[in-house]
Structure formats: C-alpha cells, structure tokens
Amino acid sequence: MKHIQIAKLYRSGRFHGFGLAVDGELLDQQVDTNISTKPNELPYITASFYLKEQQAENPIIIHLDQHEQIEDLTAKA
C-alpha cells in the first residue's frame, strides 16, 4: 500500500496551497484540499478530484480482504 504525503504547493515563489502526493508526485485532477484539526484528535485532510468519464465508467476492483492478508504477513516478518 502506498502512503499519501501532504505537498506544499508554490507558484512563482509564492505559497499556493496544499495538495496530495504519492512517492513525491502530485496526484492529478485535484480540485481542492481542506485540512481540519480538532483538539485531542489527529488532523485529517479532505480532498476533491475531478472525475473523468472513463474513470467513472471503468473503475478498478480492489479486494480488501486479500490486501489485508498480505499486510498481516508483512507485519509478522
């Protein structure tokens, strides 16, 4: 499983906002991000993305039960 990173975005040397990245690359089609914080809770981020027609019509399938079994095996190693 890949982990997200919060990216600080700059344009012409000026801070432009935050985005989400994976392996140092900004995720495409981001519309906005909102970082929320509350006392005594972990901060969280809400992100919105444009969804292209092909993505909506042909989503990939991920079987979470199989993925969790792989994570359990790697955690025990």
# chains A, B, ... in the order shown; residues from 1 in each chain; ligands from 1

$ residues_around --residues "segment 45-59 of chain A" --least-positions-apart "3" --cutoff "9 Å" --atoms "only C-alpha atoms" --output "ChimeraX atom specification"
/A:6,19-20,28-37

$ select_by_dssp --residues "segment 3-77 of chain A" --states "alpha helix (DSSP H)" --output "NGL selection string"
:A and (53-57 or 64-76)

$ write_last_selection --atoms "N, CA and C atoms" --output "CSV table (one decimal), in the first residue's frame"
chain,number,residue,atom,x,y,z
A,53,GLU,N,-14.7,10.8,-17.4
A,53,GLU,CA,-15.8,9.8,-17.8
A,53,GLU,C,-15.2,8.4,-17.8
A,54,GLN,N,-14.1,8.2,-18.3
A,54,GLN,CA,-13.5,6.8,-18.4
A,54,GLN,C,-13.3,6.3,-16.9
A,55,GLN,N,-12.9,7.1,-16.0
A,55,GLN,CA,-12.7,6.7,-14.6
A,55,GLN,C,-14.0,6.3,-14.0
A,56,ALA,N,-15.0,7.0,-14.3
A,56,ALA,CA,-16.3,6.7,-13.7
A,56,ALA,C,-16.9,5.4,-14.3
A,57,GLU,N,-16.7,5.2,-15.6
A,57,GLU,CA,-17.3,4.0,-16.2
A,57,GLU,C,-16.5,2.8,-16.1
A,64,LEU,N,-10.2,-5.9,-0.7
A,64,LEU,CA,-9.6,-5.5,0.5
A,64,LEU,C,-9.2,-6.7,1.4
A,65,ASP,N,-10.1,-7.8,1.4
A,65,ASP,CA,-9.7,-8.9,2.2
A,65,ASP,C,-8.4,-9.6,1.8
A,66,GLN,N,-8.1,-9.6,0.6
A,66,GLN,CA,-6.8,-10.2,0.1
A,66,GLN,C,-5.7,-9.2,0.5
A,67,HIS,N,-5.9,-7.9,0.3
A,67,HIS,CA,-4.9,-7.0,0.7
A,67,HIS,C,-4.5,-7.0,2.1
A,68,GLU,N,-5.5,-7.2,3.0
A,68,GLU,CA,-5.3,-7.2,4.5
A,68,GLU,C,-4.5,-8.4,4.8
A,69,GLN,N,-4.7,-9.6,4.1
A,69,GLN,CA,-3.9,-10.8,4.4
A,69,GLN,C,-2.5,-10.5,4.1
A,70,ILE,N,-2.2,-9.9,3.0
A,70,ILE,CA,-0.8,-9.6,2.6
A,70,ILE,C,-0.1,-8.6,3.7
A,71,GLU,N,-0.9,-7.6,4.1
A,71,GLU,CA,-0.3,-6.7,5.1
A,71,GLU,C,0.0,-7.5,6.4
A,72,ASP,N,-0.9,-8.4,6.8
A,72,ASP,CA,-0.7,-9.2,8.1
A,72,ASP,C,0.6,-10.0,7.9
A,73,LEU,N,0.9,-10.6,6.8
A,73,LEU,CA,2.1,-11.4,6.6
A,73,LEU,C,3.3,-10.5,6.6
A,74,THR,N,3.3,-9.3,6.0
A,74,THR,CA,4.5,-8.5,6.1
A,74,THR,C,4.7,-7.9,7.4
A,75,ALA,N,3.7,-7.7,8.2
A,75,ALA,CA,3.8,-7.1,9.6
A,75,ALA,C,4.5,-8.2,10.5
A,76,LYS,N,4.2,-9.5,10.2
A,76,LYS,CA,4.8,-10.5,11.1
A,76,LYS,C,6.2,-10.8,10.7

$ closest_residue --among "A:Asn40, A:Ile61, A:Val22, A:Gly17" --to "Gln5 of chain A" --atoms "only C-alpha atoms"
A:Val22

$ select_by_dssp --residues "chain A" --states "strand (DSSP E or B)" --output "PyMOL selection string"
chain A and resi 4-11+14-22+25-26+30-36+44-49

$ write_last_selection --atoms "N, CA and C atoms" --output "compact mmCIF listing (two decimals), in the first residue's frame"
# COMPACT_ATOMS: atom_id res chain seq x y z
N ILE A 4 0.08 8.48 1.37
CA ILE A 4 -0.02 9.83 0.82
C ILE A 4 0.93 10.75 1.57
N GLN A 5 1.27 11.84 0.92
CA GLN A 5 2.09 12.89 1.52
C GLN A 5 1.36 14.21 1.29
N ILE A 6 1.45 15.11 2.26
CA ILE A 6 0.93 16.46 2.06
C ILE A 6 2.01 17.26 1.35
N ALA A 7 1.64 17.90 0.27
CA ALA A 7 2.59 18.69 -0.51
C ALA A 7 2.26 20.17 -0.38
N LYS A 8 3.26 20.97 -0.07
CA LYS A 8 3.09 22.43 -0.10
C LYS A 8 3.32 22.88 -1.53
N LEU A 9 2.37 23.59 -2.09
CA LEU A 9 2.45 23.99 -3.50
C LEU A 9 2.85 25.46 -3.61
N TYR A 10 3.85 25.71 -4.47
CA TYR A 10 4.33 27.07 -4.71
C TYR A 10 4.24 27.37 -6.20
N ARG A 11 3.89 28.61 -6.51
CA ARG A 11 3.89 29.09 -7.90
C ARG A 11 4.58 30.44 -7.90
N ARG A 14 5.64 31.84 -4.55
CA ARG A 14 4.63 32.16 -3.55
C ARG A 14 3.82 30.92 -3.21
N PHE A 15 3.52 30.78 -1.92
CA PHE A 15 2.74 29.63 -1.46
C PHE A 15 1.36 29.67 -2.11
N HIS A 16 0.95 28.55 -2.68
CA HIS A 16 -0.32 28.47 -3.43
C HIS A 16 -1.35 27.61 -2.72
N GLY A 17 -0.92 26.73 -1.81
CA GLY A 17 -1.85 25.86 -1.09
C GLY A 17 -1.24 24.49 -0.86
N PHE A 18 -2.09 23.56 -0.49
CA PHE A 18 -1.66 22.19 -0.22
C PHE A 18 -2.25 21.24 -1.25
N GLY A 19 -1.60 20.14 -1.46
CA GLY A 19 -2.09 19.09 -2.33
C GLY A 19 -1.69 17.74 -1.77
N LEU A 20 -2.08 16.69 -2.44
CA LEU A 20 -1.71 15.34 -2.05
C LEU A 20 -0.74 14.76 -3.06
N ALA A 21 0.25 14.05 -2.56
CA ALA A 21 1.25 13.43 -3.42
C ALA A 21 1.45 11.98 -2.97
N VAL A 22 1.96 11.17 -3.88
CA VAL A 22 2.38 9.80 -3.58
C VAL A 22 3.76 9.63 -4.21
N GLU A 25 5.13 12.65 -6.08
CA GLU A 25 4.45 13.17 -7.26
C GLU A 25 3.03 13.60 -6.91
N LEU A 26 2.67 14.80 -7.30
CA LEU A 26 1.35 15.34 -7.05
C LEU A 26 0.29 14.51 -7.77
N GLN A 30 -6.67 17.13 -8.92
CA GLN A 30 -7.10 17.68 -7.63
C GLN A 30 -7.81 19.00 -7.83
N VAL A 31 -8.93 19.14 -7.18
CA VAL A 31 -9.69 20.39 -7.23
C VAL A 31 -9.36 21.23 -6.02
N ASP A 32 -9.43 20.61 -4.84
CA ASP A 32 -9.10 21.34 -3.62
C ASP A 32 -8.76 20.36 -2.50
N THR A 33 -8.17 20.90 -1.45
CA THR A 33 -7.88 20.14 -0.24
C THR A 33 -8.25 21.01 0.95
N ASN A 34 -8.67 20.35 2.03
CA ASN A 34 -9.04 21.05 3.25
C ASN A 34 -8.46 20.27 4.42
N ILE A 35 -7.60 20.89 5.20
CA ILE A 35 -7.01 20.25 6.37
C ILE A 35 -7.80 20.71 7.59
N SER A 36 -8.30 19.74 8.35
CA SER A 36 -9.11 20.04 9.54
C SER A 36 -8.40 19.56 10.79
N TYR A 44 -6.99 15.75 9.88
CA TYR A 44 -7.34 14.97 8.69
C TYR A 44 -7.49 15.90 7.50
N ILE A 45 -7.37 15.32 6.33
CA ILE A 45 -7.45 16.09 5.09
C ILE A 45 -8.59 15.55 4.23
N THR A 46 -9.34 16.46 3.65
CA THR A 46 -10.39 16.11 2.71
C THR A 46 -9.98 16.66 1.36
N ALA A 47 -9.98 15.81 0.34
CA ALA A 47 -9.55 16.23 -0.99
C ALA A 47 -10.67 15.96 -2.00
N SER A 48 -10.79 16.82 -2.97
CA SER A 48 -11.75 16.65 -4.06
C SER A 48 -10.97 16.52 -5.36
N PHE A 49 -11.48 15.65 -6.23
CA PHE A 49 -10.84 15.40 -7.52
C PHE A 49 -11.87 15.49 -8.63
